[in-house]
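For reference, run_34.txt is printed below; it contains compact mmCIF, C-alpha atoms.
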# COMPACT_ATOMS: atom_id res chain seq x y z
CA MET A 707 -31.29 5.04 21.66
CA HIS A 708 -32.51 1.47 22.15
CA THR A 709 -30.48 -1.18 20.28
CA ASP A 710 -33.58 -2.61 18.57
CA THR A 711 -34.56 0.84 17.34
CA VAL A 712 -31.09 1.47 15.93
CA ARG A 713 -31.10 -1.93 14.22
CA ALA A 714 -34.55 -1.29 12.74
CA GLN A 715 -33.38 2.06 11.37
CA LEU A 716 -30.24 0.48 9.97
CA HIS A 717 -32.29 -2.17 8.17
CA ARG A 718 -34.56 0.54 6.80
CA LEU A 719 -31.57 2.56 5.53
CA ASN A 720 -30.03 -0.53 3.96
CA TRP A 721 -33.37 -1.27 2.30
CA LEU A 722 -33.64 2.31 1.03
CA LEU A 723 -30.15 2.18 -0.43
CA ARG A 724 -30.85 -1.14 -2.18
CA ALA A 725 -34.11 0.32 -3.51
CA ARG A 726 -32.21 3.25 -4.97
CA VAL A 727 -29.66 0.93 -6.51
CA VAL A 728 -32.50 -1.05 -8.12
CA GLU A 729 -34.05 2.21 -9.29
CA ALA A 730 -30.75 3.25 -10.88
CA LYS A 731 -30.32 -0.17 -12.52
CA LEU A 732 -33.82 0.03 -13.99
CA ARG A 733 -32.99 3.46 -15.37
CA ASP A 734 -29.77 2.06 -16.87
CA LEU A 735 -31.70 -0.87 -18.32
CA LYS A 736 -34.21 1.49 -19.92
CA HIS A 737 -31.35 3.40 -21.54
CA ALA A 738 -29.65 0.15 -22.55
CA VAL A 739 -32.78 -1.12 -24.29
CA LYS A 740 -33.00 2.14 -26.20
CA ALA A 741 -29.33 1.80 -27.14
CA GLY A 742 -29.67 -1.74 -28.49
CA PHE A 743 -29.17 -3.83 -25.35
CA ASP A 744 -28.05 -7.42 -25.98
CA PRO A 745 -29.55 -9.82 -23.40
CA ASN A 746 -26.96 -12.44 -24.34
CA GLN A 747 -24.03 -10.23 -23.40
CA PRO A 748 -21.96 -12.16 -20.85
CA ARG A 749 -21.71 -11.17 -17.20
CA VAL A 750 -18.51 -11.06 -15.18
CA PRO A 751 -18.40 -14.43 -13.38
CA ALA A 752 -18.54 -14.68 -9.61
CA GLY A 753 -15.06 -14.70 -8.11
CA SER A 754 -13.76 -11.99 -10.41
CA GLY A 755 -13.25 -9.56 -7.60
CA ARG A 756 -15.16 -6.33 -7.18
CA THR A 757 -16.71 -6.44 -10.66
CA SER A 758 -18.41 -9.82 -10.28
CA GLY A 759 -21.85 -9.80 -11.84
CA GLN A 760 -21.35 -6.67 -13.90
CA TRP A 761 -21.69 -6.71 -17.68
CA ALA A 762 -18.54 -7.80 -19.43
CA ASP A 763 -17.39 -5.95 -22.53
CA GLY A 764 -17.68 -9.08 -24.56
CA GLY A 765 -15.33 -12.03 -24.56
CA GLY A 766 -16.37 -13.43 -21.19
CA GLY A 767 -15.49 -17.02 -20.51
CA SER A 768 -13.43 -18.40 -17.71
CA GLY A 769 -10.28 -16.46 -18.33
CA GLY A 770 -11.78 -13.05 -18.92
CA ALA A 771 -11.24 -11.44 -22.28
CA ASN A 772 -8.60 -13.71 -23.72
CA ASP A 773 -10.84 -16.28 -25.35
CA GLY A 774 -10.75 -16.68 -29.09
CA GLU A 775 -8.22 -15.18 -31.44
CA LEU A 776 -5.16 -13.62 -29.92
CA SER A 777 -4.77 -11.08 -32.66
CA PRO A 778 -2.87 -7.90 -31.87
CA GLU A 779 -3.82 -4.23 -31.83
CA SER A 780 -7.21 -4.70 -33.48
CA GLN A 781 -8.44 -6.30 -30.26
CA ILE A 782 -7.53 -3.38 -28.02
CA ALA A 783 -10.67 -1.82 -26.66
CA ALA A 784 -11.02 1.91 -26.41
CA PRO A 785 -10.64 2.47 -22.67
CA LYS A 786 -13.86 3.33 -20.88
CA GLU A 787 -14.13 5.34 -17.73
CA GLU A 788 -14.17 3.20 -14.61
CA PRO A 789 -17.75 2.92 -13.30
CA VAL A 790 -18.30 3.78 -9.65
CA GLY A 791 -20.52 0.72 -9.23
CA ASP A 792 -22.80 -0.17 -6.34
CA PRO A 793 -21.85 0.63 -2.75
CA PRO A 794 -20.45 -2.30 -0.79
CA GLU A 795 -22.68 -4.20 1.61
CA ILE A 796 -22.18 -3.08 5.21
CA PRO A 797 -22.87 -6.01 7.56
CA THR A 798 -25.14 -5.09 10.45
CA GLU A 799 -23.34 -7.57 12.70
CA ARG A 800 -19.69 -6.95 13.64
CA PRO A 801 -17.44 -9.28 11.60
CA SER A 802 -15.61 -11.69 13.85
CA THR A 803 -12.05 -11.02 12.66
CA ALA A 804 -10.01 -7.83 12.51
CA ARG A 805 -9.11 -8.59 8.90
CA ALA A 806 -12.78 -8.84 7.90
CA ARG A 807 -13.60 -5.60 9.73
CA THR A 808 -10.69 -3.80 8.07
CA ARG A 809 -11.84 -5.04 4.67
CA VAL A 810 -15.32 -3.61 5.23
CA ILE A 811 -13.84 -0.27 6.28
CA LYS A 812 -11.48 -0.18 3.29
CA GLU A 813 -14.18 -1.13 0.78
CA ALA A 814 -16.53 1.49 2.25
CA ALA A 815 -13.80 4.13 2.18
CA LYS A 816 -12.86 3.36 -1.41
CA TRP A 817 -16.45 3.49 -2.63
CA LEU A 818 -17.22 6.72 -0.78
CA ALA A 819 -14.05 8.37 -2.07
CA ARG A 820 -14.74 7.33 -5.67
CA ALA A 821 -18.38 8.35 -5.50
CA THR A 822 -17.38 11.72 -4.03
CA LEU A 823 -14.71 12.18 -6.70
CA LYS A 824 -17.11 11.42 -9.53
CA GLN A 825 -19.89 13.50 -7.92
CA THR A 826 -22.56 11.58 -9.77
CA LEU A 827 -24.22 9.70 -6.94
CA GLY A 828 -25.38 12.41 -4.55
CA ARG A 829 -28.40 10.63 -3.12
CA GLN A 830 -26.60 7.29 -2.85
CA ILE A 831 -23.72 8.96 -1.02
CA GLY A 832 -26.06 10.51 1.52
CA THR A 833 -27.84 7.23 2.17
CA PHE A 834 -24.58 5.32 2.35
CA VAL A 835 -23.12 7.74 4.91
CA ALA A 836 -26.30 7.44 6.98
CA ILE A 837 -25.90 3.65 6.94
CA LEU A 838 -22.27 3.92 8.02
CA GLU A 839 -23.12 6.28 10.86
CA ALA A 840 -25.89 4.02 12.07
CA THR A 841 -23.66 0.92 12.02
CA GLY A 842 -22.66 0.61 15.65
CA TRP A 843 -19.74 -1.80 15.26
CA LEU A 844 -17.88 0.59 12.92
CA GLU A 845 -17.17 2.85 15.92
CA THR A 846 -14.03 4.86 15.07
CA GLY A 847 -13.86 3.22 11.63
CA ILE A 848 -16.20 5.91 10.35
CA HIS A 849 -13.42 8.49 10.85
CA TYR A 850 -11.04 6.48 8.66
CA ILE A 851 -13.69 6.18 5.97
CA HIS A 852 -14.46 9.91 5.94
CA ALA A 853 -10.76 10.85 5.99
CA PHE A 854 -10.07 8.66 2.94
CA ALA A 855 -12.49 10.80 0.90
CA ASP A 856 -10.59 14.02 1.69
CA PRO A 857 -9.79 16.01 -1.45
CA PRO A 858 -6.09 16.63 -2.22
CA LYS A 859 -4.56 19.43 -0.15
CA SER A 860 -1.57 21.74 -0.50
CA LEU A 861 1.76 20.74 0.99
CA GLU A 862 1.49 23.57 3.50
CA GLU A 863 -1.93 22.37 4.67
CA LEU A 864 -0.68 18.81 5.11
CA GLN A 865 2.43 19.95 6.97
CA LYS A 866 0.50 22.32 9.24
CA ALA A 867 -1.98 19.59 10.17
CA VAL A 868 0.81 17.50 11.72
CA SER A 869 0.45 19.49 14.94
CA THR A 870 -3.25 18.51 15.14
CA PRO A 871 -3.59 14.75 15.61
CA ALA A 872 -6.96 13.30 14.64
CA ILE A 873 -8.56 9.88 14.45
CA GLY A 874 -8.42 8.62 10.87
CA TYR A 875 -5.13 10.37 10.13
CA ASP A 876 -1.44 9.45 10.49
CA VAL A 877 1.76 11.44 10.39
CA HIS A 878 3.55 10.37 7.21
CA HIS A 879 7.22 10.84 6.29
CA ILE A 880 7.56 12.10 2.71
CA VAL A 881 11.01 10.52 2.60
CA GLU A 882 10.58 7.07 4.10
CA GLN A 883 12.12 7.06 7.54
CA THR A 884 13.59 3.58 8.05
CA SER A 885 15.43 3.25 4.75
CA ALA A 886 16.62 6.87 4.98
CA GLU A 887 18.12 6.17 8.39
CA GLN A 888 19.68 2.94 7.12
CA ASP A 889 21.33 4.97 4.36
CA GLY A 890 22.82 7.35 6.88
CA PHE A 891 20.49 10.35 6.78
CA PRO A 892 20.29 11.96 10.22
CA ARG A 893 17.15 11.79 12.29
CA SER A 894 16.99 15.58 12.24
CA MET A 895 16.36 15.46 8.47
CA VAL A 896 13.98 12.53 8.67
CA ASP A 897 11.82 14.21 11.32
CA SER A 898 12.15 17.77 10.01
CA PRO A 899 8.84 19.65 9.62
CA GLU A 900 9.35 19.75 5.84
CA ASN A 901 9.34 15.95 5.74
CA LEU A 902 6.21 15.41 7.83
CA VAL A 903 2.61 15.56 6.62
CA ARG A 904 -0.68 14.45 8.16
CA ILE A 905 -2.58 12.23 5.74
CA PRO A 906 -5.54 9.82 5.94
CA THR A 907 -4.49 6.59 7.66
CA LEU A 908 -5.83 4.37 4.89
CA LYS A 909 -3.86 6.37 2.28
CA HIS A 910 -0.80 6.07 4.55
CA TRP A 911 -1.20 2.29 4.48
CA LEU A 912 -1.63 2.30 0.68
CA ILE A 913 1.48 4.40 0.08
CA THR A 914 3.58 2.39 2.53
CA GLY A 915 2.40 -0.79 0.81
CA TRP A 916 3.25 0.68 -2.59
CA TYR A 917 6.84 1.38 -1.44
CA MET A 918 7.18 -2.31 -0.57
CA MET A 919 5.60 -3.79 -3.70
CA LYS A 920 7.76 -5.06 -6.54
CA LEU A 921 6.91 -3.05 -9.66
CA GLU A 922 7.86 -3.10 -13.33
CA ALA A 923 8.51 0.65 -13.27
CA TYR A 924 11.43 0.27 -10.86
CA GLY A 925 13.21 -2.51 -12.72
CA TRP A 926 11.07 -5.28 -11.19
CA ARG A 927 12.06 -4.07 -7.73
CA SER A 928 10.17 -2.23 -5.05
CA PRO A 929 10.43 1.58 -4.91
CA ARG A 930 12.09 1.13 -1.50
CA ASN A 931 14.84 -1.03 -3.01
CA TYR A 932 15.17 1.28 -5.99
CA LEU A 933 15.76 4.24 -3.68
CA ARG A 934 18.56 2.60 -1.68
CA GLY A 935 21.66 4.74 -2.09
CA MET A 936 19.74 7.58 -3.76
CA SER A 937 19.96 11.24 -2.81
CA TRP A 938 17.56 12.92 -0.38
CA GLU A 939 16.19 15.01 -3.26
CA GLU A 940 15.29 11.96 -5.36
CA ARG A 941 13.61 10.31 -2.37
CA ALA A 942 11.65 13.51 -1.67
CA ARG A 943 10.63 13.82 -5.33
CA ILE A 944 9.26 10.28 -5.41
CA GLY A 945 7.64 10.78 -2.00
CA ARG A 946 5.81 13.89 -3.23
CA ASP A 947 4.84 12.21 -6.52
CA ALA A 948 3.36 9.30 -4.57
CA LEU A 949 1.32 11.70 -2.43
CA ILE A 950 -0.02 13.32 -5.61
CA ARG A 951 -0.78 10.06 -7.42
CA PHE A 952 -2.53 8.60 -4.38
CA GLY A 953 -4.78 11.66 -4.22
CA VAL A 954 -3.41 13.26 -1.04
CA LEU A 955 -1.38 16.21 -2.36
CA LYS A 956 -2.52 18.76 -4.92
CA PRO A 957 -0.44 18.52 -8.13
CA MET B 612 7.27 -21.18 -11.49
CA LYS B 613 10.03 -23.10 -13.29
CA ALA B 614 11.16 -21.74 -16.64
CA ALA B 615 11.10 -25.18 -18.23
CA LYS B 616 7.46 -25.60 -17.34
CA LEU B 617 6.58 -22.20 -18.75
CA GLN B 618 8.31 -23.10 -22.01
CA ASP B 619 6.03 -26.12 -22.33
CA MET B 620 2.89 -24.04 -21.97
CA GLY B 621 0.90 -22.63 -24.87
CA THR B 622 0.55 -18.87 -25.21
CA GLU B 623 -3.12 -18.97 -24.26
CA GLU B 624 -2.26 -20.97 -21.14
CA LEU B 625 0.32 -18.37 -20.20
CA VAL B 626 -2.25 -15.61 -20.64
CA ASP B 627 -4.71 -17.51 -18.45
CA SER B 628 -2.02 -17.87 -15.79
CA PHE B 629 -1.26 -14.16 -16.06
CA VAL B 630 -4.94 -13.37 -15.42
CA ASN B 631 -5.17 -15.71 -12.44
CA ILE B 632 -2.02 -14.25 -10.91
CA CYS B 633 -3.37 -10.71 -11.30
CA LEU B 634 -6.67 -11.70 -9.66
CA ALA B 635 -4.70 -13.20 -6.76
CA GLN B 636 -2.64 -10.00 -6.57
CA ASP B 637 -5.88 -8.01 -6.28
CA GLU B 638 -6.97 -10.14 -3.33
CA ALA B 639 -3.54 -9.78 -1.70
CA LEU B 640 -3.74 -6.00 -2.06
CA LEU B 641 -7.13 -5.89 -0.36
CA ASP B 642 -5.60 -7.56 2.69
CA ASP B 643 -2.27 -5.66 2.59
CA GLU B 644 -0.39 -8.95 2.03
CA VAL B 645 2.75 -7.50 0.44
CA VAL B 646 4.87 -10.65 0.77
CA LYS B 647 2.21 -12.66 -1.03
CA PHE B 648 1.86 -9.93 -3.66
CA ASN B 649 5.60 -9.94 -4.34
CA ARG B 650 5.66 -13.72 -4.66
CA LEU B 651 2.86 -13.48 -7.23
CA PHE B 652 4.69 -10.65 -8.95
CA ASP B 653 7.75 -12.87 -9.50
CA LYS B 654 5.55 -15.50 -11.12
CA MET B 655 3.95 -12.87 -13.34
CA HIS B 656 7.38 -11.55 -14.31
CA ALA B 657 8.45 -15.04 -15.40
CA ILE B 658 5.36 -15.35 -17.59
CA VAL B 659 5.93 -11.94 -19.19
CA GLU B 660 9.55 -12.83 -19.93
CA GLU B 661 8.49 -16.12 -21.48
CA LEU B 662 5.96 -14.34 -23.72
CA ARG B 663 8.56 -11.74 -24.70
CA ALA B 664 11.04 -14.45 -25.67
CA ARG B 665 8.62 -16.14 -28.06
CA ALA B 666 8.74 -15.48 -31.79
CA GLY B 667 7.13 -12.15 -32.65
CA ASP B 668 7.07 -11.05 -29.01
CA GLN B 669 3.95 -12.74 -27.74
CA ARG B 670 3.31 -10.10 -25.08
CA ARG B 671 0.81 -8.98 -27.71
CA ALA B 672 -1.35 -11.84 -26.49
CA LEU B 673 -1.96 -9.74 -23.37
CA LEU B 674 -3.56 -6.90 -25.36
CA PRO B 675 -7.11 -8.33 -25.23
CA LEU B 676 -6.85 -8.08 -21.43
CA TYR B 677 -7.34 -4.33 -21.79
CA LYS B 678 -11.02 -5.30 -21.80
CA HIS B 679 -10.86 -7.52 -18.72
CA SER B 680 -13.41 -6.84 -16.00
CA ASN B 681 -10.80 -6.68 -13.22
CA LEU B 682 -8.83 -3.46 -12.77
CA GLN B 683 -5.64 -5.16 -11.55
CA VAL B 684 -5.61 -7.33 -14.70
CA ARG B 685 -6.04 -4.27 -16.90
CA LEU B 686 -3.30 -2.39 -15.02
CA LYS B 687 -0.76 -5.19 -15.35
CA ALA B 688 -1.71 -5.87 -18.98
CA ALA B 689 -1.17 -2.19 -19.86
CA THR B 690 2.13 -1.96 -17.98
CA ASN B 691 3.51 -5.14 -19.52
CA THR B 692 2.49 -4.31 -23.10
CA PHE B 693 3.78 -0.73 -23.09
CA ALA B 694 6.73 -1.77 -25.26
CA VAL B 695 4.51 -3.32 -27.95
CA ALA B 696 1.53 -0.91 -27.90
CA PRO B 697 2.73 2.33 -26.26
CA ASP B 698 -0.12 4.63 -27.27
CA GLU B 699 -2.87 2.27 -26.20
CA ALA B 700 -1.08 1.31 -23.00
CA GLN B 701 -0.51 4.94 -22.08
CA ARG B 702 -4.19 5.76 -22.70
CA LEU B 703 -5.33 2.93 -20.45
CA LEU B 704 -2.82 3.79 -17.72
CA ARG B 705 -3.99 7.42 -17.81
CA MET B 706 -7.59 6.30 -17.42
CA ILE B 707 -6.74 4.04 -14.47
CA ALA B 708 -4.68 6.84 -12.88
CA ASP B 709 -7.67 9.17 -13.12
CA SER B 710 -10.17 6.60 -11.87
CA GLY B 711 -9.67 7.24 -8.15
CA GLU B 712 -9.65 3.44 -7.69
CA TYR B 713 -6.77 2.85 -5.30
CA PRO B 714 -4.19 1.37 -5.10
CA GLN B 715 -4.30 0.74 -8.87
CA ALA B 716 -4.81 4.44 -9.64
CA GLY B 717 -1.71 5.32 -7.64
CA GLU B 718 0.42 2.66 -9.29
CA ALA B 719 -0.74 3.65 -12.78
CA GLY B 720 0.01 7.31 -12.06
CA MET B 721 3.49 6.53 -10.75
CA THR B 722 4.19 4.30 -13.77
CA LEU B 723 3.40 7.23 -16.07
CA VAL B 724 5.59 9.55 -13.99
CA ASN B 725 8.46 7.08 -14.25
CA ILE B 726 8.04 6.82 -18.02
CA GLU B 727 8.06 10.62 -18.36
CA ARG B 728 11.21 10.85 -16.24
CA GLY B 729 12.96 8.01 -18.03
CA ILE B 730 13.15 5.85 -14.89
CA PHE B 731 10.98 3.25 -16.62
CA LYS B 732 11.96 2.43 -20.19
CA PRO B 733 9.67 -0.37 -21.37
CA VAL B 734 11.49 -2.79 -23.65
Any chance you could put this one into structure tokens?
Amino acid sequence: MHTDTVRAQLHRLNWLLRARVVEAKLRDLKHAVKAGFDPNQPRVPAGSGRTSGQWADGGGGSGGANDGELSPESQIAAPKEEPVGDPPEIPTERPSTARARTRVIKEAAKWLARATLKQTLGRQIGTFVAILEATGWLETGIHYIHAFADPPKSLEELQKAVSTPAIGYDVHHIVEQTSAEQDGFPRSMVDSPENLVRIPTLKHWLITGWYMMKLEAYGWRSPRNYLRGMSWEERARIGRDALIRFGVLKP
Amino acid sequence: MKAAKLQDMGTEELVDSFVNICLAQDEALLDDEVVKFNRLFDKMHAIVEELRARAGDQRRALLPLYKHSNLQVRLKAATNTFAVAPDEAQRLLRMIADSGEYPQAGEAGMTLVNIERGIFKPV
């Protein structure tokens, strides 16, 4: 297909998606007016990450919700379900740096996975996927995005898939390989079929990152440091729990 | 962040710093910058310890952050107030764990697992 034709179609798809977002916002606004909408309710300021521009739950101000009285439990909001929000903008031109391209792929993957999980945005999902598939510079990135939205699978399914490499997926060690080897576990255990699963690459990155992050729940250490000197069984238990909590393995 | 400097700061200032650190953590996570994240985590830890040491355990000043617009701020506020508001913190962590918004959903889920197993005993 001619490049100009593809670009024209991409622009049209982007326009259609934006139109549907506007349509949804108007519908929300109509409901909000009926429900006693307050036009003075503050918005999340720019620079607040992925929620910039959305309605704040009150409070507002530069620091978020900590303005005013710092009274205790009475100020705790009843938690609300996380909104899926609008799909991220997909640039028609290829971003110039690998980091910027990876960010686009990750944001797209996260939105698609959440929208699929919530199953409330059927038409938007279809349009968004069409935009992704028509975006030439994404190339193999589309496989990573689709893989990220995979539903959780059984351990057997994940283990069996190891013998079938695919773009968008990595072979993941349930018990982390490097630290296990450093603690004296033989390579035969580390690379045993029971310890290997094929999972979406972007989830693999997330879980590997999580092992390296300092966390309160491990005594202000990283899970990797916490596990040093631990038994194989404890490592495997945490490895399986992580796969479940990151939406890869069925509970 | 030097302890002496933290001691000179008002509670509201500490809460503001906590928020800014969490927002920076969120950015670091988007770019897989673990070293940067961990550096920010150490600063956050120092702030939480300073709040805990204040009369009446001023970690309560983090409770209004349950309403913050940024998910990373809400996650860290819930985790670091578990000792002072366990029911509310658990409810928020459960909601984040079920949100499908990664990596925060994964971290929230693992925090709950660690509490259930007694690996994490918030004090």
**Message:** As an exercise, work out the distance from atom CA of A:Ser937 to atom CA of B:Ala694 in Å and give it to one decimal place.
**Reply:** 29.1 Å
**Prompt:** Once you count all atoms listed in the file, which residues end up no further than 9 Å from (-13.5, 7.2, -1.7) in the file's frame, shown as a PyMOL selection string?
**Reply:** (chain A and resi 813-823+851-856) or (chain B and resi 711-713)
**Request:** Mind giving me the straight-line distance from atom CA of A:Tyr917 to atom CA of A:Ile944 in Å, one decimal?
**Result:**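 Computing the Euclidean distance for atom CA of A:Tyr917 and atom CA of A:Ile944 yields 10.0 Å.
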Taking (-5.2, 8.6, -11.0) in the file's own coordinates, collect the residues within 8 Å, counting all atoms listed in the file, and hand them back as an mmCIF file with C-alpha atoms, in the coordinates of the input.
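After the write, point37.cif holds the following:
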data_model
loop_
_atom_site.group_PDB
_atom_site.id
_atom_site.type_symbol
_atom_site.label_atom_id
_atom_site.label_comp_id
_atom_site.auth_asym_id
_atom_site.auth_seq_id
_atom_site.Cartn_x
_atom_site.Cartn_y
_atom_site.Cartn_z
ATOM 1 C CA ARG A 951 -0.780 10.060 -7.420
ATOM 2 C CA PHE A 952 -2.530 8.600 -4.380
ATOM 3 C CA GLY A 953 -4.780 11.660 -4.220
ATOM 4 C CA ARG B 705 -3.990 7.420 -17.810
ATOM 5 C CA MET B 706 -7.590 6.300 -17.420
ATOM 6 C CA ILE B 707 -6.740 4.040 -14.470
ATOM 7 C CA ALA B 708 -4.680 6.840 -12.880
ATOM 8 C CA ASP B 709 -7.670 9.170 -13.120
ATOM 9 C CA SER B 710 -10.170 6.600 -11.870
ATOM 10 C CA GLY B 711 -9.670 7.240 -8.150
ATOM 11 C CA GLU B 712 -9.650 3.440 -7.690
ATOM 12 C CA ALA B 716 -4.810 4.440 -9.640
ATOM 13 C CA GLY B 717 -1.710 5.320 -7.640
ATOM 14 C CA ALA B 719 -0.740 3.650 -12.780
ATOM 15 C CA GLY B 720 0.010 7.310 -12.060
#
**Request:** Using all atoms listed in the file, pick whichever of A:Lys956, A:His879, A:Lys920, A:Arg941 has the shortest atom-to-atom distance to chain B.
**Result:**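 Ranking A:Lys956, A:His879, A:Lys920, A:Arg941 by distance to chain B, first place goes to A:Lys920.
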**Asked** Could you state the separation of atom CA of A:Arg809 and atom CA of B:Leu641 in Å, given to one decimal place?
**Response**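 Atom CA of A:Arg809 sits 6.9 Å away from atom CA of B:Leu641.
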Considering only C-alpha atoms, tabulate each residue of chain B that lies at most 8 Å from chain A along with its nearest interatomic pair and the corresponding distance in Å to one decimal; arrange the rows by chain and ascending residue number and present them as CSV.
residue,atom,partner,partner_atom,distance
B:Glu623,CA,A:Asn772,CA,7.6
B:Val626,CA,A:Asn772,CA,7.3
B:Asp627,CA,A:Gly769,CA,5.7
B:Val630,CA,A:Gly769,CA,6.8
B:Asn631,CA,A:Gly769,CA,7.8
B:Leu634,CA,A:Ser754,CA,7.1
B:Asp637,CA,A:Gly755,CA,7.6
B:Glu638,CA,A:Gly755,CA,7.6
B:Leu641,CA,A:Arg809,CA,6.9
B:Asp642,CA,A:Arg809,CA,7.0
B:Asp643,CA,A:Gly915,CA,7.0
B:Val645,CA,A:Met919,CA,6.2
B:Phe648,CA,A:Met919,CA,7.2
B:Asn649,CA,A:Lys920,CA,5.8
B:Phe652,CA,A:Lys920,CA,6.8
B:His656,CA,A:Trp926,CA,7.9
B:Arg671,CA,A:Pro778,CA,5.7
B:Ala672,CA,A:Leu776,CA,5.4
B:Leu673,CA,A:Asn772,CA,7.7
B:Leu674,CA,A:Ile782,CA,5.9
B:Pro675,CA,A:Gln781,CA,5.6
B:Leu676,CA,A:Ala771,CA,5.6
B:Tyr677,CA,A:Ile782,CA,6.3
B:Lys678,CA,A:Ala783,CA,6.0
B:His679,CA,A:Ala771,CA,5.3
B:Ser680,CA,A:Ala762,CA,6.2
B:Asn681,CA,A:Thr757,CA,6.4
B:Thr690,CA,A:Glu922,CA,7.5
B:Asn691,CA,A:Glu922,CA,7.8
B:Ala696,CA,A:Glu779,CA,7.4
B:Glu699,CA,A:Ile782,CA,7.5
B:Arg702,CA,A:Pro785,CA,7.2
B:Leu703,CA,A:Pro785,CA,5.8
B:Met706,CA,A:Glu787,CA,6.6
B:Ile707,CA,A:Glu788,CA,7.5
B:Ala708,CA,A:Arg951,CA,7.4
B:Ser710,CA,A:Glu788,CA,5.9
B:Gly711,CA,A:Arg820,CA,5.6
B:Glu712,CA,A:Arg820,CA,6.7
B:Tyr713,CA,A:Phe952,CA,7.2
B:Pro714,CA,A:Leu912,CA,6.4
B:Ala716,CA,A:Phe952,CA,7.1
B:Gly717,CA,A:Phe952,CA,4.7
B:Glu718,CA,A:Trp916,CA,7.5
B:Gly720,CA,A:Arg951,CA,5.5
B:Met721,CA,A:Arg951,CA,6.5
B:Thr722,CA,A:Ala923,CA,5.7
B:Val724,CA,A:Asp947,CA,8.0
B:Asn725,CA,A:Ala923,CA,6.5
B:Ile726,CA,A:Ala923,CA,7.8
B:Ile730,CA,A:Tyr924,CA,7.1
B:Phe731,CA,A:Ala923,CA,4.9
B:Lys732,CA,A:Ala923,CA,7.9
**Request:** Identify, on the basis of only C-alpha atoms, every residue whose closest approach to stretch 872-876 of chain A does not exceed 7 Å; exclude the query and any residue fewer than 3 positions from it along the same chain; express the result as a count of residues only.
**Result:** 8
